[in-house]
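Each remark here refers to the structure printed beneath this line.
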Amino acid sequence: MTNQQHAEHAAPYAGGDPYADYRSGDFPFTGLVDLADRRLGAAVIAAGDEFFAERENLLVREPAVFDPERFGHKGKIMDGWETRRRRGTGPAAPFPAADEHDWALVRLGAPGVVRGVVVDTAHFRGNHPQAVSVRAAAVEGAPGPERLLADDVKWEELVPPTPVRGHAANGFEVTSERRWTHLRLCQHPDGGIARFRVHGEIVPDPAWLELLGTVDLVSVLNGGVCEDASDRFYSSPAQIILPGTSRRMDDGWENRRRRVRDGNDWVRFRLAAQGEVRAVEIDTACLKGNSAGWTALSGRDGESGEWFEILPPTRLEPDTPHRFPLARPAVVTHVRLDAFPDGGVARLRLHGAFTERGTAELRRRHGATAG
């Protein structure tokens with residue numbers, strides 16, 4: 001083959017830091033929540049082939065690792081999803097047919113609008129797929145692979161078959177405005193992919209939220225969004241509104257040590273719609289010597305509303321859940337969490353219910369993104 005035919009390959013591993021020649025990318029959509037985050041309940045529920053490496057590796061949170069000496073009974077053990085080499089029908093036609101490909105079914109952790117995907121081929125240098133494509137479906141409930149692969153399920157192409165680079169982050173912007181529940185990641189015709197990220201906006205089911213009554217109004221699962229923050233040095237402030245309890249120090253938000261004495265760190269969140277907050281939880285789990293000293297919470301109703309105090313500056317204990325019932329409900333669309341002077345917060349929860357206006361907005365958005 002000519003060098004042009006190998007143009008998307010990376011150089012063979014030459015020792016040292018395997019990420020030294022990794023080709024990263026700066027994609028505008030990666031600031032959005034990863035709809036395929038395992039912490040939201042996402043999973044790779046099936047794959048057509050996973051001979052060399054398991055499909056579950058696609059959604060591992062940490063970057064892929066590479067051990068040049070690690071081999072198993074089937075060959076090189078890779079931290080990703082890798083299929084066997086497809087073959088044609090015989091010596092006269094040794095390559096697979098043009099439409100043959102490997103696939104993996106991904107259940108999103110929360111249904112939503114996909115704004116972009118990243119197909120990461122880290123450490124797959126000459127064994128990555130020639131091209132990838134991504135298809136999407138909206139099937140409510142908890143369908144298994146058999147249901148998703150049935151003939152009556154409609155799949156829409158979000159990313160057409162597109163060449164990808166080996167040992168690189170390959171990003172693809174998505175323009176569909178539909179709400180999706182499942183994706184089908186395809187590699188043409190075969191190969192290995194280390195990680196798969198699906199960035200977008202969660203669109204919750206308003207009927208489910210109404211049935212529950214009291215919910216966490218800022219939870220990412222219910223449509224909460226981290227809009228901005230003063231500092232993202234150690235970990236993302238978006239993790240504050242993830243479900244579950246923080247299990248490690250970097251599973252929440254930690255900022256750098258503040259040396260300027262006339263300010264403080266903060267995070268701003270947008271609720272999915274207008275809600276009535278009745279109680280607040282602030283958790284500093286796993287933050288023992290670096291939690292925020294004090295915290296305050298303010299809110300506003302609407303993009304141009306005036307900020308008002310929900311919680312005054314309050315002392316926080318390290319590695320501790322804190323519960324604050326409110327004397328009167330706070331009707332808000334946005335909240336701002338202030339840390340004085342700096343330090344980490346693991347989780348923030350705003351317990352309450354969406355207002356009549358907020359529920360109407362949730363219904364409108366849900367209907368606008370349905371098929």
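Ligands are numbered from 1 in the order shown, chains are lettered A, B, ... in the order of the structure tokens, and residues start at 1 in each chain.
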
| task | May I have all residues of stretch 21-242 of chain A that DSSP, computed from the backbone, assigns to alpha helix (DSSP H), given as a PyMOL selection string? | result | chain A and resi 145-148+206-212

Would you mind exporting N, CA, C and O atoms of the selected residues as a PDB file, in the first residue's frame?
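Resulting contents of selection.pdb:
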```pdb
ATOM      1  N   PRO A 145     -31.404  -5.539  23.516  1.00  0.00           N
ATOM      2  CA  PRO A 145     -30.838  -5.534  22.161  1.00  0.00           C
ATOM      3  C   PRO A 145     -31.803  -6.055  21.102  1.00  0.00           C
ATOM      4  O   PRO A 145     -31.872  -5.518  19.989  1.00  0.00           O
ATOM      5  N   GLU A 146     -32.579  -7.095  21.449  1.00  0.00           N
ATOM      6  CA  GLU A 146     -33.494  -7.664  20.466  1.00  0.00           C
ATOM      7  C   GLU A 146     -34.522  -6.632  20.009  1.00  0.00           C
ATOM      8  O   GLU A 146     -34.846  -6.539  18.823  1.00  0.00           O
ATOM      9  N   ARG A 147     -35.025  -5.862  20.966  1.00  0.00           N
ATOM     10  CA  ARG A 147     -36.017  -4.835  20.611  1.00  0.00           C
ATOM     11  C   ARG A 147     -35.383  -3.748  19.764  1.00  0.00           C
ATOM     12  O   ARG A 147     -35.963  -3.299  18.767  1.00  0.00           O
ATOM     13  N   LEU A 148     -34.200  -3.306  20.136  1.00  0.00           N
ATOM     14  CA  LEU A 148     -33.553  -2.213  19.405  1.00  0.00           C
ATOM     15  C   LEU A 148     -33.162  -2.622  17.994  1.00  0.00           C
ATOM     16  O   LEU A 148     -33.105  -1.781  17.087  1.00  0.00           O
ATOM     17  N   PRO A 206     -41.347  15.193  31.324  1.00  0.00           N
ATOM     18  CA  PRO A 206     -42.113  15.960  32.326  1.00  0.00           C
ATOM     19  C   PRO A 206     -43.151  15.115  33.048  1.00  0.00           C
ATOM     20  O   PRO A 206     -43.449  15.373  34.228  1.00  0.00           O
ATOM     21  N   ALA A 207     -43.725  14.116  32.392  1.00  0.00           N
ATOM     22  CA  ALA A 207     -44.725  13.277  33.047  1.00  0.00           C
ATOM     23  C   ALA A 207     -44.113  12.525  34.228  1.00  0.00           C
ATOM     24  O   ALA A 207     -44.744  12.378  35.279  1.00  0.00           O
ATOM     25  N   TRP A 208     -42.880  12.050  34.075  1.00  0.00           N
ATOM     26  CA  TRP A 208     -42.196  11.343  35.157  1.00  0.00           C
ATOM     27  C   TRP A 208     -41.904  12.287  36.320  1.00  0.00           C
ATOM     28  O   TRP A 208     -42.103  11.931  37.488  1.00  0.00           O
ATOM     29  N   LEU A 209     -41.441  13.496  36.013  1.00  0.00           N
ATOM     30  CA  LEU A 209     -41.129  14.456  37.071  1.00  0.00           C
ATOM     31  C   LEU A 209     -42.387  14.876  37.820  1.00  0.00           C
ATOM     32  O   LEU A 209     -42.372  15.049  39.052  1.00  0.00           O
ATOM     33  N   GLU A 210     -43.505  15.043  37.114  1.00  0.00           N
ATOM     34  CA  GLU A 210     -44.774  15.388  37.771  1.00  0.00           C
ATOM     35  C   GLU A 210     -45.228  14.256  38.680  1.00  0.00           C
ATOM     36  O   GLU A 210     -45.748  14.493  39.782  1.00  0.00           O
ATOM     37  N   LEU A 211     -45.038  13.024  38.240  1.00  0.00           N
ATOM     38  CA  LEU A 211     -45.434  11.874  39.051  1.00  0.00           C
ATOM     39  C   LEU A 211     -44.632  11.803  40.343  1.00  0.00           C
ATOM     40  O   LEU A 211     -45.167  11.497  41.411  1.00  0.00           O
ATOM     41  N   LEU A 212     -43.335  12.120  40.258  1.00  0.00           N
ATOM     42  CA  LEU A 212     -42.483  12.068  41.445  1.00  0.00           C
ATOM     43  C   LEU A 212     -42.836  13.161  42.444  1.00  0.00           C
ATOM     44  O   LEU A 212     -42.705  12.973  43.647  1.00  0.00           O
TER      45      LEU A 212
END
```

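Shell of A:Thr214 at 7 Å, with only C-alpha atoms counted and residues fewer than 5 places along the chain excluded, is His351, Gly352 and Ala353 of chain A.
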
| query | Which is closest to A:Ser304 among A:Leu337, A:Val345, A:Leu326, A:Val332, if we use only C-alpha atoms? | reply | A:Val332

| said: Neighbouring residues of A:Phe308 were defined as those with any atom within 8 Å, considering only C-alpha atoms; residues of the same chain fewer than 4 positions away were excluded. Please report them as number ranges by chain. | reply: A: 298-300

Put those residues in a file: N, CA, C and O atoms, as an mmCIF file, in the first residue's frame.
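Result saved to part_12.cif:
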```cif
data_model
loop_
_atom_site.group_PDB
_atom_site.id
_atom_site.type_symbol
_atom_site.label_atom_id
_atom_site.label_comp_id
_atom_site.auth_asym_id
_atom_site.auth_seq_id
_atom_site.Cartn_x
_atom_site.Cartn_y
_atom_site.Cartn_z
ATOM 1 N N SER A 298 -27.362 31.747 46.199
ATOM 2 C CA SER A 298 -28.292 32.798 45.764
ATOM 3 C C SER A 298 -29.029 32.307 44.532
ATOM 4 O O SER A 298 -28.622 31.346 43.875
ATOM 5 N N GLY A 299 -30.131 32.966 44.204
ATOM 6 C CA GLY A 299 -30.933 32.555 43.067
ATOM 7 C C GLY A 299 -31.529 33.745 42.355
ATOM 8 O O GLY A 299 -31.550 34.867 42.861
ATOM 9 N N ARG A 300 -32.037 33.483 41.158
ATOM 10 C CA ARG A 300 -32.766 34.505 40.407
ATOM 11 C C ARG A 300 -33.834 33.821 39.571
ATOM 12 O O ARG A 300 -33.721 32.626 39.240
#
```

| field | Long-range neighbours of A:Ala43 as a list in words, 10 Å cut-off, only C-alpha atoms, 5 positions minimum in chain | value | Ala36, Asp37, Arg38, Arg55, Glu56, Asn57, Leu58, Leu59, Val60, Leu105, Val106, Arg107, Leu108, Gly109 and His182 of chain A

| field | Nearest residue to A:Phe233 from the set A:Arg257, A:Arg70, A:Arg248, A:Arg135 (distances using only C-alpha atoms) | value | A:Arg257

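Each of A:Glu140, A:Asp67, A:Asp190, A:Glu157 was checked against A:Trp81 using only C-alpha atoms; the smallest atom-to-atom distance is that of A:Asp190.
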
| message | as a PyMOL selection string, please: the residues near A:Leu149 (cut-off 12 Å, only C-alpha atoms, same-chain neighbours under 4 positions excluded). | response | chain A and resi 45-48+103-105+136-137+139+143-145+153-155+182-184

Output of the above residues as a compact mmCIF listing (two decimals), in the first residue's frame, restricted to N, CA and C atoms:
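What ended up in result10.txt:
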```txt
# COMPACT_ATOMS: atom_id res chain seq x y z
N ILE A 45 -24.84 -1.96 25.72
CA ILE A 45 -25.67 -3.12 26.05
C ILE A 45 -25.46 -4.29 25.09
N ALA A 46 -24.81 -4.07 23.96
CA ALA A 46 -24.55 -5.17 23.03
C ALA A 46 -23.54 -4.72 21.99
N ALA A 47 -22.90 -5.69 21.37
CA ALA A 47 -21.96 -5.42 20.28
C ALA A 47 -21.96 -6.62 19.34
N GLY A 48 -21.75 -6.35 18.07
CA GLY A 48 -21.72 -7.43 17.11
C GLY A 48 -20.49 -8.31 17.25
N TRP A 103 -20.54 -3.07 15.12
CA TRP A 103 -21.41 -2.10 15.78
C TRP A 103 -21.48 -2.38 17.29
N ALA A 104 -21.85 -1.32 18.03
CA ALA A 104 -22.10 -1.42 19.47
C ALA A 104 -23.31 -0.55 19.79
N LEU A 105 -24.21 -1.06 20.62
CA LEU A 105 -25.41 -0.33 21.03
C LEU A 105 -25.17 0.34 22.38
N ALA A 136 -28.88 6.99 15.65
CA ALA A 136 -29.62 7.23 16.89
C ALA A 136 -31.05 6.75 16.76
N ALA A 137 -31.61 6.34 17.90
CA ALA A 137 -33.01 5.90 17.95
C ALA A 137 -33.63 6.42 19.24
N VAL A 139 -36.35 5.03 21.75
CA VAL A 139 -37.18 3.91 22.19
C VAL A 139 -37.33 4.04 23.70
N PRO A 143 -35.55 -1.05 26.68
CA PRO A 143 -35.50 -2.07 25.64
C PRO A 143 -34.16 -2.82 25.64
N GLY A 144 -34.22 -4.11 25.36
CA GLY A 144 -33.01 -4.91 25.21
C GLY A 144 -32.52 -4.87 23.78
N PRO A 145 -31.40 -5.54 23.52
CA PRO A 145 -30.84 -5.53 22.16
C PRO A 145 -31.80 -6.05 21.10
N VAL A 153 -37.81 -0.53 14.36
CA VAL A 153 -37.12 0.57 15.05
C VAL A 153 -36.40 1.43 14.01
N LYS A 154 -36.69 2.73 14.04
CA LYS A 154 -36.10 3.63 13.07
C LYS A 154 -34.82 4.26 13.63
N TRP A 155 -33.75 4.14 12.87
CA TRP A 155 -32.47 4.71 13.25
C TRP A 155 -32.14 5.87 12.31
N HIS A 182 -30.94 6.03 22.52
CA HIS A 182 -29.91 5.04 22.22
C HIS A 182 -29.11 5.45 20.98
N LEU A 183 -27.82 5.07 20.98
CA LEU A 183 -26.97 5.29 19.82
C LEU A 183 -26.38 3.97 19.35
N ARG A 184 -26.08 3.92 18.07
CA ARG A 184 -25.41 2.76 17.49
C ARG A 184 -24.11 3.24 16.88
```

| field | Nearest candidate to A:Pro341 (options A:Arg315, A:Arg364, A:Arg23, A:Arg357; using only C-alpha atoms) | value | A:Arg315

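As for atom CA of A:Ala285 and atom CA of A:Gly112, they are spaced 28.8 Å apart.
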